[in-house]
$ cat my_file.csv   # CSV, C-alpha atoms
chain,number,residue,atom,x,y,z
A,1,MET,CA,-123.6,56.4,42.6
A,2,GLU,CA,-123.9,56.4,46.4
A,3,THR,CA,-122.3,59.2,48.3
A,4,THR,CA,-119.5,57.9,50.5
A,5,VAL,CA,-120.1,58.5,54.2
A,6,ARG,CA,-116.9,60.0,55.6
A,7,VAL,CA,-116.3,58.8,59.1
A,8,GLY,CA,-114.4,60.3,62.1
A,9,VAL,CA,-113.8,58.4,65.3
A,10,ILE,CA,-113.3,60.1,68.7
A,11,GLY,CA,-111.5,58.1,71.3
A,12,LEU,CA,-109.1,55.3,70.3
A,13,GLY,CA,-109.5,53.0,73.3
A,14,PHE,CA,-111.1,49.6,73.1
A,15,MET,CA,-114.4,50.8,71.7
A,16,GLY,CA,-112.9,53.3,69.3
A,17,ARG,CA,-110.7,50.5,67.8
A,18,THR,CA,-113.7,48.3,67.6
A,19,HIS,CA,-115.7,51.0,65.7
A,20,ILE,CA,-112.7,51.5,63.3
A,21,ALA,CA,-112.5,47.8,62.6
A,22,ALA,CA,-116.3,47.7,61.9
A,23,TYR,CA,-116.1,50.6,59.5
A,24,GLN,CA,-113.2,49.0,57.7
A,25,ALA,CA,-115.0,45.7,57.4
A,26,ALA,CA,-118.1,47.5,56.1
A,27,ARG,CA,-116.1,49.2,53.4
A,28,ALA,CA,-114.5,45.9,52.4
A,29,ALA,CA,-118.0,44.4,52.2
A,30,GLY,CA,-119.1,47.1,49.7
A,31,TYR,CA,-120.6,49.8,52.0
A,32,ALA,CA,-119.9,53.3,50.9
A,33,CYS,CA,-118.0,54.6,53.9
A,34,ASP,CA,-114.4,55.7,54.5
A,35,LEU,CA,-112.5,56.4,57.7
A,36,VAL,CA,-111.0,59.9,57.2
A,37,ALA,CA,-110.3,61.3,60.7
A,38,VAL,CA,-109.6,60.2,64.3
A,39,ALA,CA,-109.2,62.1,67.5
A,40,ASP,CA,-107.5,61.1,70.8
A,41,ARG,CA,-105.8,63.1,73.5
A,42,ASP,CA,-102.9,60.6,73.3
A,43,ALA,CA,-100.9,61.7,70.3
A,44,VAL,CA,-99.1,58.4,70.1
A,45,ARG,CA,-102.4,56.7,69.1
A,46,LEU,CA,-102.7,59.1,66.2
A,47,THR,CA,-99.8,57.2,64.5
A,48,GLY,CA,-102.1,54.2,64.0
A,49,ARG,CA,-100.1,52.1,66.4
A,50,VAL,CA,-102.2,51.0,69.4
A,51,ASP,CA,-101.9,48.5,72.1
A,52,ALA,CA,-103.2,44.9,71.6
A,53,PRO,CA,-107.0,44.8,71.9
A,54,ALA,CA,-108.3,44.7,75.4
A,55,GLY,CA,-111.9,44.2,76.3
A,56,ASN,CA,-114.5,41.7,77.3
A,57,MET,CA,-114.8,40.6,73.7
A,58,SER,CA,-111.1,40.3,73.1
A,59,THR,CA,-109.5,37.0,72.2
A,60,GLY,CA,-106.2,38.1,73.5
A,61,GLY,CA,-103.2,38.5,71.2
A,62,GLY,CA,-99.8,40.1,71.8
A,63,GLY,CA,-96.7,41.2,70.1
A,64,GLU,CA,-96.5,44.0,67.6
A,65,GLN,CA,-99.9,44.9,66.2
A,66,PRO,CA,-100.6,46.0,62.6
A,67,LEU,CA,-101.5,49.7,62.0
A,68,LEU,CA,-105.1,50.4,63.0
A,69,PHE,CA,-105.2,52.9,60.2
A,70,ASP,CA,-102.8,54.7,57.8
A,71,PRO,CA,-101.9,58.1,59.3
A,72,ALA,CA,-100.8,59.3,55.9
A,73,VAL,CA,-104.5,59.3,54.7
A,74,VAL,CA,-106.4,59.5,58.0
A,75,ARG,CA,-106.3,62.9,59.7
A,76,GLY,CA,-105.4,62.9,63.4
A,77,PHE,CA,-106.5,65.4,66.0
A,78,THR,CA,-105.7,65.7,69.7
A,79,ASP,CA,-108.7,68.0,70.1
A,80,ALA,CA,-112.0,66.3,69.5
A,81,HIS,CA,-113.7,69.7,68.6
A,82,ALA,CA,-111.2,70.2,65.8
A,83,LEU,CA,-112.4,66.9,64.3
A,84,LEU,CA,-116.0,68.0,64.8
A,85,HIS,CA,-115.3,71.2,62.8
A,86,ASP,CA,-113.6,69.3,59.9
A,87,PRO,CA,-115.9,69.8,56.9
A,88,GLY,CA,-114.6,66.6,55.4
A,89,VAL,CA,-116.3,64.5,58.1
A,90,ASP,CA,-120.0,63.4,57.8
A,91,LEU,CA,-120.4,60.9,60.6
A,92,VAL,CA,-118.8,60.8,64.0
A,93,SER,CA,-118.4,57.8,66.3
A,94,ILE,CA,-118.1,59.0,69.9
A,95,CYS,CA,-116.2,56.3,71.8
A,96,THR,CA,-115.0,58.3,74.9
A,97,HIS,CA,-115.9,57.9,78.5
A,98,THR,CA,-119.5,58.2,79.4
A,99,ASP,CA,-119.2,61.6,81.2
A,100,THR,CA,-118.1,63.2,78.0
A,101,HIS,CA,-120.9,61.7,75.8
A,102,VAL,CA,-123.5,64.4,76.1
A,103,SER,CA,-121.2,67.4,75.5
A,104,LEU,CA,-119.5,65.8,72.5
A,105,ALA,CA,-122.8,64.6,71.0
A,106,LEU,CA,-124.3,68.1,71.3
A,107,ALA,CA,-121.3,69.7,69.7
A,108,ALA,CA,-121.3,67.1,66.9
A,109,LEU,CA,-125.0,67.7,66.1
A,110,GLU,CA,-124.5,71.5,66.2
A,111,ALA,CA,-121.6,71.0,63.8
A,112,GLY,CA,-124.0,69.2,61.4
A,113,LYS,CA,-122.6,65.7,61.9
A,114,HIS,CA,-124.4,62.4,62.0
A,115,VAL,CA,-123.6,60.6,65.3
A,116,LEU,CA,-123.0,57.1,66.5
A,117,LEU,CA,-122.9,57.5,70.3
A,118,GLU,CA,-121.5,54.7,72.4
A,119,LYS,CA,-123.7,53.4,75.2
A,120,PRO,CA,-124.7,54.6,77.7
A,121,VAL,CA,-125.7,57.9,76.2
A,122,ALA,CA,-125.6,59.3,79.8
A,123,LEU,CA,-126.2,58.2,83.4
A,124,SER,CA,-129.6,59.9,83.8
A,125,VAL,CA,-132.8,60.2,81.8
A,126,ALA,CA,-132.6,64.0,81.9
A,127,GLU,CA,-129.1,64.0,80.2
A,128,VAL,CA,-130.2,61.5,77.6
A,129,ARG,CA,-133.2,63.7,76.9
A,130,ARG,CA,-130.9,66.6,76.1
A,131,VAL,CA,-129.3,64.6,73.3
A,132,ALA,CA,-132.7,63.4,72.1
A,133,ASP,CA,-134.0,67.0,71.8
A,134,ALA,CA,-130.8,68.2,70.0
A,135,ALA,CA,-131.0,65.2,67.6
A,136,ARG,CA,-134.6,66.0,66.7
A,137,ALA,CA,-133.8,69.7,66.1
A,138,SER,CA,-130.7,69.0,64.1
A,139,GLY,CA,-132.2,66.9,61.3
A,140,ARG,CA,-129.2,64.6,61.6
A,141,VAL,CA,-129.1,60.9,62.4
A,142,CYS,CA,-128.1,60.2,66.0
A,143,MET,CA,-128.0,56.6,67.0
A,144,PRO,CA,-127.0,55.2,70.4
A,145,ALA,CA,-124.7,52.1,70.0
A,146,MET,CA,-127.2,49.5,71.2
A,147,CYS,CA,-125.2,46.8,69.6
A,148,MET,CA,-127.3,43.8,70.8
A,149,ARG,CA,-130.2,44.9,68.5
A,150,PHE,CA,-127.8,44.1,65.6
A,151,TRP,CA,-126.0,41.0,66.9
A,152,PRO,CA,-127.1,38.3,64.4
A,153,ALA,CA,-128.3,35.8,67.0
A,154,TRP,CA,-130.3,38.5,68.8
A,155,ALA,CA,-131.7,39.9,65.5
A,156,TRP,CA,-132.8,36.3,64.7
A,157,LEU,CA,-134.5,36.1,68.1
A,158,LYS,CA,-136.3,39.4,67.7
A,159,ALA,CA,-137.5,38.4,64.2
A,160,ARG,CA,-139.0,35.2,65.6
A,161,ILE,CA,-140.7,37.0,68.4
A,162,VAL,CA,-142.2,39.5,66.0
A,163,SER,CA,-143.3,36.9,63.4
A,164,GLY,CA,-144.9,34.6,66.1
A,165,GLU,CA,-143.9,31.6,64.0
A,166,PHE,CA,-143.1,29.6,67.1
A,167,GLY,CA,-145.9,31.0,69.2
A,168,ARG,CA,-145.6,33.3,72.1
A,169,VAL,CA,-142.6,33.6,74.4
A,170,HIS,CA,-143.2,32.0,77.8
A,171,THR,CA,-139.9,32.7,79.5
A,172,ALA,CA,-136.7,34.5,78.6
A,173,MET,CA,-133.3,34.3,80.4
A,174,PHE,CA,-130.3,36.4,79.5
A,175,GLN,CA,-126.8,36.3,81.1
A,176,ARG,CA,-123.8,38.6,80.5
A,177,LEU,CA,-120.9,38.1,82.8
A,178,GLY,CA,-117.2,39.1,82.7
A,179,SER,CA,-114.2,40.2,84.7
A,180,ALA,CA,-113.8,43.8,85.8
A,181,PRO,CA,-112.3,45.9,83.1
A,182,ALA,CA,-108.5,45.8,83.4
A,183,TRP,CA,-108.2,49.1,81.4
A,184,GLY,CA,-109.4,52.5,82.5
A,185,VAL,CA,-109.5,51.4,86.1
A,186,GLY,CA,-109.8,55.0,87.3
A,187,PHE,CA,-113.0,55.4,85.2
A,188,TYR,CA,-114.6,52.0,85.5
A,189,GLY,CA,-113.8,51.8,89.2
A,190,ASP,CA,-115.7,55.0,89.9
A,191,ALA,CA,-119.5,54.2,89.6
A,192,SER,CA,-120.3,57.9,89.7
A,193,LYS,CA,-118.6,58.1,86.3
A,194,SER,CA,-119.2,54.7,84.7
A,195,GLY,CA,-122.4,53.7,86.4
A,196,GLY,CA,-120.8,50.3,87.3
A,197,ALA,CA,-121.6,47.1,85.5
A,198,LEU,CA,-125.3,47.9,85.6
A,199,VAL,CA,-124.8,50.7,83.1
A,200,ASP,CA,-121.7,49.4,81.3
A,201,LEU,CA,-122.7,45.8,80.8
A,202,HIS,CA,-126.2,44.8,82.0
A,203,ILE,CA,-127.8,47.7,80.2
A,204,HIS,CA,-127.5,45.7,76.9
A,205,ASP,CA,-130.0,43.2,78.2
A,206,THR,CA,-132.3,45.9,79.6
A,207,ASP,CA,-132.3,47.5,76.2
A,208,PHE,CA,-133.1,44.2,74.5
A,209,MET,CA,-136.0,43.6,76.8
A,210,HIS,CA,-137.4,47.0,75.7
A,211,TYR,CA,-136.7,46.1,72.0
A,212,CYS,CA,-138.6,42.8,72.2
A,213,PHE,CA,-141.3,43.3,74.8
A,214,GLY,CA,-141.5,47.1,75.4
A,215,PRO,CA,-140.9,48.9,78.7
A,216,PRO,CA,-141.7,46.7,81.7
A,217,ARG,CA,-144.3,47.9,84.2
A,218,GLY,CA,-141.8,47.3,87.0
A,219,VAL,CA,-138.6,45.4,88.0
A,220,THR,CA,-137.4,43.3,90.9
A,221,CYS,CA,-133.7,43.3,91.4
A,222,CYS,CA,-131.1,41.8,93.8
A,223,GLY,CA,-127.3,42.3,93.9
A,224,THR,CA,-125.2,45.4,93.5
A,225,LEU,CA,-124.3,47.9,90.8
A,226,ASN,CA,-121.5,45.6,89.7
A,227,HIS,CA,-123.4,42.3,89.7
A,228,LEU,CA,-127.2,42.1,89.6
A,229,THR,CA,-130.1,40.0,88.5
A,230,THR,CA,-133.3,41.6,87.4
A,231,MET,CA,-136.8,40.3,86.8
A,232,TYR,CA,-138.8,42.4,84.4
A,233,HIS,CA,-142.6,42.4,84.9
A,234,TYR,CA,-145.0,42.6,82.0
A,235,ASP,CA,-148.8,42.6,82.1
A,236,HIS,CA,-149.1,41.3,78.6
A,237,GLY,CA,-145.7,39.8,77.8
A,238,PRO,CA,-143.8,36.7,78.9
A,239,ARG,CA,-144.5,35.4,82.4
A,240,GLN,CA,-140.8,35.3,83.2
A,241,VAL,CA,-138.1,37.6,81.9
A,242,VAL,CA,-134.8,37.7,83.8
A,243,ALA,CA,-131.3,38.9,83.1
A,244,GLU,CA,-128.1,38.6,85.1
A,245,GLY,CA,-125.1,40.8,84.5
A,246,GLY,CA,-121.9,41.7,86.2
A,247,TRP,CA,-118.2,42.0,86.1
A,248,GLY,CA,-117.4,40.5,89.6
A,249,GLN,CA,-115.7,37.4,88.2
A,250,ALA,CA,-112.0,36.6,88.7
A,251,PRO,CA,-109.7,38.0,86.0
A,252,GLY,CA,-109.3,34.6,84.4
A,253,PHE,CA,-113.0,34.0,84.0
A,254,GLY,CA,-113.3,35.6,80.5
A,255,PHE,CA,-116.6,36.7,79.1
A,256,ARG,CA,-119.9,34.9,78.9
A,257,MET,CA,-122.9,35.9,76.9
A,258,ARG,CA,-126.0,33.7,76.5
A,259,TYR,CA,-129.7,33.4,76.4
A,260,VAL,CA,-132.4,30.7,76.7
A,261,VAL,CA,-135.8,31.7,75.4
A,262,ASN,CA,-138.8,29.3,75.6
A,263,PHE,CA,-141.5,29.7,73.0
A,264,GLU,CA,-144.8,27.8,72.8
A,265,ARG,CA,-143.2,25.4,70.2
A,266,GLY,CA,-139.5,25.3,71.0
A,267,THR,CA,-136.5,26.8,72.7
A,268,ALA,CA,-133.8,29.1,71.4
A,269,ASP,CA,-130.4,28.6,73.1
A,270,PHE,CA,-127.4,30.9,72.4
A,271,ASP,CA,-124.0,30.7,74.0
A,272,LEU,CA,-121.1,32.8,72.8
A,273,GLY,CA,-118.7,30.3,74.2
A,274,ARG,CA,-120.1,27.3,72.2
A,275,GLU,CA,-117.7,26.1,69.6
A,276,ALA,CA,-118.5,26.4,65.9
A,277,ALA,CA,-119.0,23.2,63.8
A,278,ALA,CA,-116.0,21.8,61.9
A,279,ASP,CA,-117.7,22.9,58.6
A,280,GLY,CA,-117.8,26.5,59.8
A,281,THR,CA,-121.5,26.8,60.4
A,282,SER,CA,-122.5,28.3,63.8
A,283,ARG,CA,-123.4,26.1,66.7
A,284,GLN,CA,-123.6,29.1,69.0
A,285,LEU,CA,-127.3,29.3,68.4
A,286,LEU,CA,-129.3,26.1,68.8
A,287,TRP,CA,-133.0,25.6,68.1
A,288,HIS,CA,-134.7,22.8,70.1
A,289,GLU,CA,-138.1,21.5,68.9
A,290,GLY,CA,-139.3,18.3,70.4
A,291,SER,CA,-136.5,15.8,70.3
A,292,ILE,CA,-134.7,17.5,67.4
A,293,THR,CA,-131.9,20.1,67.9
A,294,THR,CA,-130.9,22.2,64.9
A,295,ALA,CA,-127.8,24.5,64.7
A,296,VAL,CA,-128.8,27.9,63.3
A,297,ASP,CA,-126.1,29.5,61.2
A,298,VAL,CA,-126.0,33.2,62.2
A,299,GLY,CA,-122.7,34.0,60.5
A,300,LEU,CA,-119.6,35.5,62.0
A,301,LEU,CA,-120.5,39.2,62.1
A,302,SER,CA,-120.7,41.0,65.5
A,303,GLY,CA,-123.3,43.6,66.7
A,304,TYR,CA,-120.6,46.2,66.1
A,305,ASP,CA,-120.5,45.3,62.4
A,306,GLY,CA,-124.3,45.3,62.2
A,307,GLU,CA,-124.8,48.7,63.9
A,308,VAL,CA,-122.4,50.6,61.6
A,309,ARG,CA,-123.8,49.0,58.5
A,310,HIS,CA,-127.3,49.8,59.5
A,311,LEU,CA,-126.3,53.4,60.3
A,312,ILE,CA,-124.7,53.8,56.9
A,313,ASP,CA,-127.9,52.5,55.3
A,314,VAL,CA,-130.0,54.9,57.3
A,315,ILE,CA,-127.8,57.9,56.4
A,316,GLN,CA,-128.0,56.9,52.7
A,317,GLY,CA,-131.8,56.6,52.9
A,318,LYS,CA,-132.0,52.8,52.6
A,319,ALA,CA,-133.3,52.0,56.1
A,320,SER,CA,-135.3,53.3,59.0
A,321,LEU,CA,-133.4,53.8,62.3
A,322,LEU,CA,-133.8,50.8,64.6
A,323,ALA,CA,-132.3,52.4,67.7
A,324,THR,CA,-133.0,56.0,68.7
A,325,VAL,CA,-132.0,58.3,71.5
A,326,GLU,CA,-135.7,58.3,72.5
A,327,ASP,CA,-135.2,54.5,73.0
A,328,ALA,CA,-132.1,55.2,75.1
A,329,ALA,CA,-134.1,57.5,77.3
A,330,ALA,CA,-136.8,54.9,77.9
A,331,VAL,CA,-134.2,52.3,78.7
A,332,MET,CA,-132.5,54.6,81.2
A,333,ARG,CA,-135.8,55.0,83.0
A,334,THR,CA,-135.8,51.3,83.6
A,335,VAL,CA,-132.1,51.3,84.5
A,336,GLU,CA,-132.9,54.0,87.1
A,337,LEU,CA,-135.4,51.7,88.6
A,338,GLU,CA,-132.8,48.9,88.7
A,339,ARG,CA,-130.2,51.3,90.2
A,340,GLY,CA,-132.7,52.3,93.0
A,341,ALA,CA,-133.5,48.7,93.7
A,342,VAL,CA,-129.9,47.7,94.4
A,343,GLY,CA,-129.1,50.9,96.3
A,344,GLY,CA,-126.9,52.6,93.7
$ encode --input "my_file.csv" --output "structure tokens"
Amino acid sequence: METTVRVGVIGLGFMGRTHIAAYQAARAAGYACDLVAVADRDAVRLTGRVDAPAGNMSTGGGGEQPLLFDPAVVRGFTDAHALLHDPGVDLVSICTHTDTHVSLALAALEAGKHVLLEKPVALSVAEVRRVADAARASGRVCMPAMCMRFWPAWAWLKARIVSGEFGRVHTAMFQRLGSAPAWGVGFYGDASKSGGALVDLHIHDTDFMHYCFGPPRGVTCCGTLNHLTTMYHYDHGPRQVVAEGGWGQAPGFGFRMRYVVNFERGTADFDLGREAAADGTSRQLLWHEGSITTAVDVGLLSGYDGEVRHLIDVIQGKASLLATVEDAAAVMRTVELERGAVGG
């Protein structure tokens, strides 16, 4: 029988709650994992009662929320390092603010834990490299939470680029726009800590460019740390690759996530805001070929679901890691070019 991966989650804000939900869904789907411990400086959160979800992927809600976890069976710690030294934890999700990522990741690896580390790993290449070096020396799995690599519509796109079944990519456009985070204002409002929307939001698309086409030879950017557009330049890739990202929109704007990618023989068109069909099949992803448009059913899972299931498979020896800390360092080198271009 498979050995169950025992999971601890550090930080019970929006991303921590998202990770917990993904692990619980994975367990329900038959993955051998179990949430056994959580840590947060706010002792109230250790009761399993948390505020209604808040985040750029939230659909709202309100009223009393169900327990996020059962505190009678999930151990709670106000000290993250106490969780890291719990021998009953195999894998740790680090979902705290960016400026704590490196120290917690290093401590987790030293304690012999596997690690899922929320993006960004850090705000500089040098700091990301520290984690990469420690991960290599530890013999443990350390995966940056590059969730777009696992979002079904993005995974579908990557597979078609690799297979070449529709020919080469001519142009690729990605857009990721939202309102400024209404939670953690002291953190997100301080670019020296959060990196601004460039590092919190736009980095997803920079990572996906790397994943699909490799590191660009250069970038051209306009905008600010909180709302920018980047053109990625490739000598042997698509002739136009562009991504816009930012959180400068008014609070009622919501969240937009989309792409339009032109192949030699068709166009892939994804829009998170597009309604699903009445029969439940997805219309978020459309494939246009000639005069025919086909809805591609990519299911209902999110990239958060995909990343935790992939990581469990990797830990159990069933898969090879699709996102490494070395990847995160390469992405941060491009982000540093973007940051320099917009004067951050």
$ atom_distance --input "my_file.csv" --atom1 "atom CA of Arg75 of chain A" --atom2 "atom CA of Val36 of chain A"
6.1 Å
$ residues_near_point --input "my_file.csv" --point "(-112.1, 51.8, 83.8)" --cutoff "12 Å" --atoms "only C-alpha atoms" --output "compact mmCIF listing (two decimals) with C-alpha atoms, in the frame of the given file"
# COMPACT_ATOMS: atom_id res chain seq x y z
CA GLY A 13 -109.50 53.00 73.30
CA PHE A 14 -111.10 49.60 73.10
CA ALA A 54 -108.30 44.70 75.40
CA GLY A 55 -111.90 44.20 76.30
CA THR A 96 -115.00 58.30 74.90
CA HIS A 97 -115.90 57.90 78.50
CA THR A 98 -119.50 58.20 79.40
CA SER A 179 -114.20 40.20 84.70
CA ALA A 180 -113.80 43.80 85.80
CA PRO A 181 -112.30 45.90 83.10
CA ALA A 182 -108.50 45.80 83.40
CA TRP A 183 -108.20 49.10 81.40
CA GLY A 184 -109.40 52.50 82.50
CA VAL A 185 -109.50 51.40 86.10
CA GLY A 186 -109.80 55.00 87.30
CA PHE A 187 -113.00 55.40 85.20
CA TYR A 188 -114.60 52.00 85.50
CA GLY A 189 -113.80 51.80 89.20
CA ASP A 190 -115.70 55.00 89.90
CA ALA A 191 -119.50 54.20 89.60
CA SER A 192 -120.30 57.90 89.70
CA LYS A 193 -118.60 58.10 86.30
CA SER A 194 -119.20 54.70 84.70
CA GLY A 195 -122.40 53.70 86.40
CA GLY A 196 -120.80 50.30 87.30
CA ALA A 197 -121.60 47.10 85.50
CA ASP A 200 -121.70 49.40 81.30
CA TRP A 247 -118.20 42.00 86.10
$ closest_residue --input "my_file.csv" --among "A:Cys33, A:Leu157, A:Ile94, A:Val141" --to "His114 of chain A" --atoms "all atoms listed in the file"
A:Val141
$ closest_residue --input "my_file.csv" --among "A:Thr4, A:Asn262, A:Thr324, A:Thr100" --to "Leu116 of chain A" --atoms "all atoms listed in the file"
A:Thr324
$ closest_residue --input "my_file.csv" --among "A:Arg333, A:His227, A:His210, A:Arg168" --to "Glu264 of chain A" --atoms "all atoms listed in the file"
A:Arg168
$ closest_residue --input "my_file.csv" --among "A:Tyr23, A:Phe69, A:Phe77, A:Tyr211" --to "Val38 of chain A" --atoms "only C-alpha atoms"
A:Phe77
$ atom_distance --input "my_file.csv" --atom1 "atom CA of Leu201 of chain A" --atom2 "atom CA of Glu275 of chain A"
23.2 Å
$ atom_distance --input "my_file.csv" --atom1 "atom CA of Thr18 of chain A" --atom2 "atom CA of Phe253 of chain A"
21.8 Å
$ closest_residue --input "my_file.csv" --among "A:Arg129, A:Lys318, A:Arg27, A:His288" --to "Met332 of chain A" --atoms "only C-alpha atoms"
A:Arg129
$ closest_residue --input "my_file.csv" --among "A:Ala323, A:Leu228, A:Met173, A:Leu311" --to "Ala32 of chain A" --atoms "only C-alpha atoms"
A:Leu311
$ residues_around --input "my_file.csv" --residues "Leu321 of chain A" --least-positions-apart "3" --cutoff "12 Å" --atoms "only C-alpha atoms" --output "PyMOL selection string"
chain A and resi 116+140-146+149-150+307-318+324-327
$ build_atoms --input "my_file.csv" --residues "segment 109-134 of chain A" --atoms "N, CA and C atoms" --output "compact mmCIF listing (two decimals), in the coordinates of the input"
# COMPACT_ATOMS: atom_id res chain seq x y z
N LEU A 109 -123.70 67.39 66.79
CA LEU A 109 -125.00 67.70 66.10
C LEU A 109 -125.01 69.18 65.72
N GLU A 110 -124.51 70.04 66.58
CA GLU A 110 -124.50 71.50 66.20
C GLU A 110 -123.58 71.73 65.04
N ALA A 111 -122.53 70.90 64.89
CA ALA A 111 -121.60 71.00 63.80
C ALA A 111 -122.15 70.38 62.49
N GLY A 112 -123.35 69.80 62.58
CA GLY A 112 -124.00 69.20 61.40
C GLY A 112 -123.55 67.81 61.08
N LYS A 113 -123.01 67.09 62.08
CA LYS A 113 -122.60 65.70 61.90
C LYS A 113 -123.66 64.72 62.24
N HIS A 114 -123.69 63.59 61.54
CA HIS A 114 -124.40 62.40 62.00
C HIS A 114 -123.58 61.83 63.17
N VAL A 115 -124.25 61.10 64.08
CA VAL A 115 -123.60 60.60 65.30
C VAL A 115 -123.90 59.18 65.59
N LEU A 116 -122.86 58.39 65.86
CA LEU A 116 -123.00 57.10 66.50
C LEU A 116 -122.41 57.24 67.88
N LEU A 117 -123.26 57.15 68.90
CA LEU A 117 -122.90 57.50 70.30
C LEU A 117 -122.82 56.21 71.11
N GLU A 118 -121.64 55.91 71.64
CA GLU A 118 -121.50 54.70 72.40
C GLU A 118 -122.45 54.74 73.64
N LYS A 119 -122.86 53.54 74.04
CA LYS A 119 -123.70 53.40 75.20
C LYS A 119 -122.83 53.48 76.47
N PRO A 120 -123.41 53.91 77.59
CA PRO A 120 -124.70 54.60 77.70
C PRO A 120 -124.60 55.99 77.18
N VAL A 121 -125.70 56.51 76.67
CA VAL A 121 -125.70 57.90 76.20
C VAL A 121 -125.29 58.80 77.41
N ALA A 122 -125.86 58.52 78.57
CA ALA A 122 -125.60 59.30 79.80
C ALA A 122 -126.07 58.44 80.97
N LEU A 123 -125.85 58.93 82.18
CA LEU A 123 -126.20 58.20 83.40
C LEU A 123 -127.57 58.56 83.94
N SER A 124 -128.28 59.49 83.29
CA SER A 124 -129.60 59.90 83.80
C SER A 124 -130.53 60.13 82.60
N VAL A 125 -131.82 59.96 82.84
CA VAL A 125 -132.80 60.20 81.80
C VAL A 125 -132.73 61.67 81.34
N ALA A 126 -132.57 62.59 82.28
CA ALA A 126 -132.60 64.00 81.90
C ALA A 126 -131.43 64.32 80.94
N GLU A 127 -130.25 63.74 81.14
CA GLU A 127 -129.10 64.00 80.20
C GLU A 127 -129.35 63.32 78.89
N VAL A 128 -129.93 62.13 78.87
CA VAL A 128 -130.20 61.50 77.60
C VAL A 128 -131.24 62.33 76.82
N ARG A 129 -132.21 62.91 77.53
CA ARG A 129 -133.20 63.70 76.90
C ARG A 129 -132.59 64.95 76.18
N ARG A 130 -131.54 65.50 76.75
CA ARG A 130 -130.90 66.60 76.10
C ARG A 130 -130.37 66.25 74.73
N VAL A 131 -129.80 65.06 74.63
CA VAL A 131 -129.30 64.60 73.30
C VAL A 131 -130.45 64.32 72.38
N ALA A 132 -131.51 63.69 72.90
CA ALA A 132 -132.70 63.40 72.10
C ALA A 132 -133.28 64.68 71.49
N ASP A 133 -133.40 65.70 72.30
CA ASP A 133 -134.00 67.00 71.80
C ASP A 133 -133.07 67.61 70.77
N ALA A 134 -131.76 67.56 71.01
CA ALA A 134 -130.80 68.20 70.00
C ALA A 134 -130.83 67.38 68.74
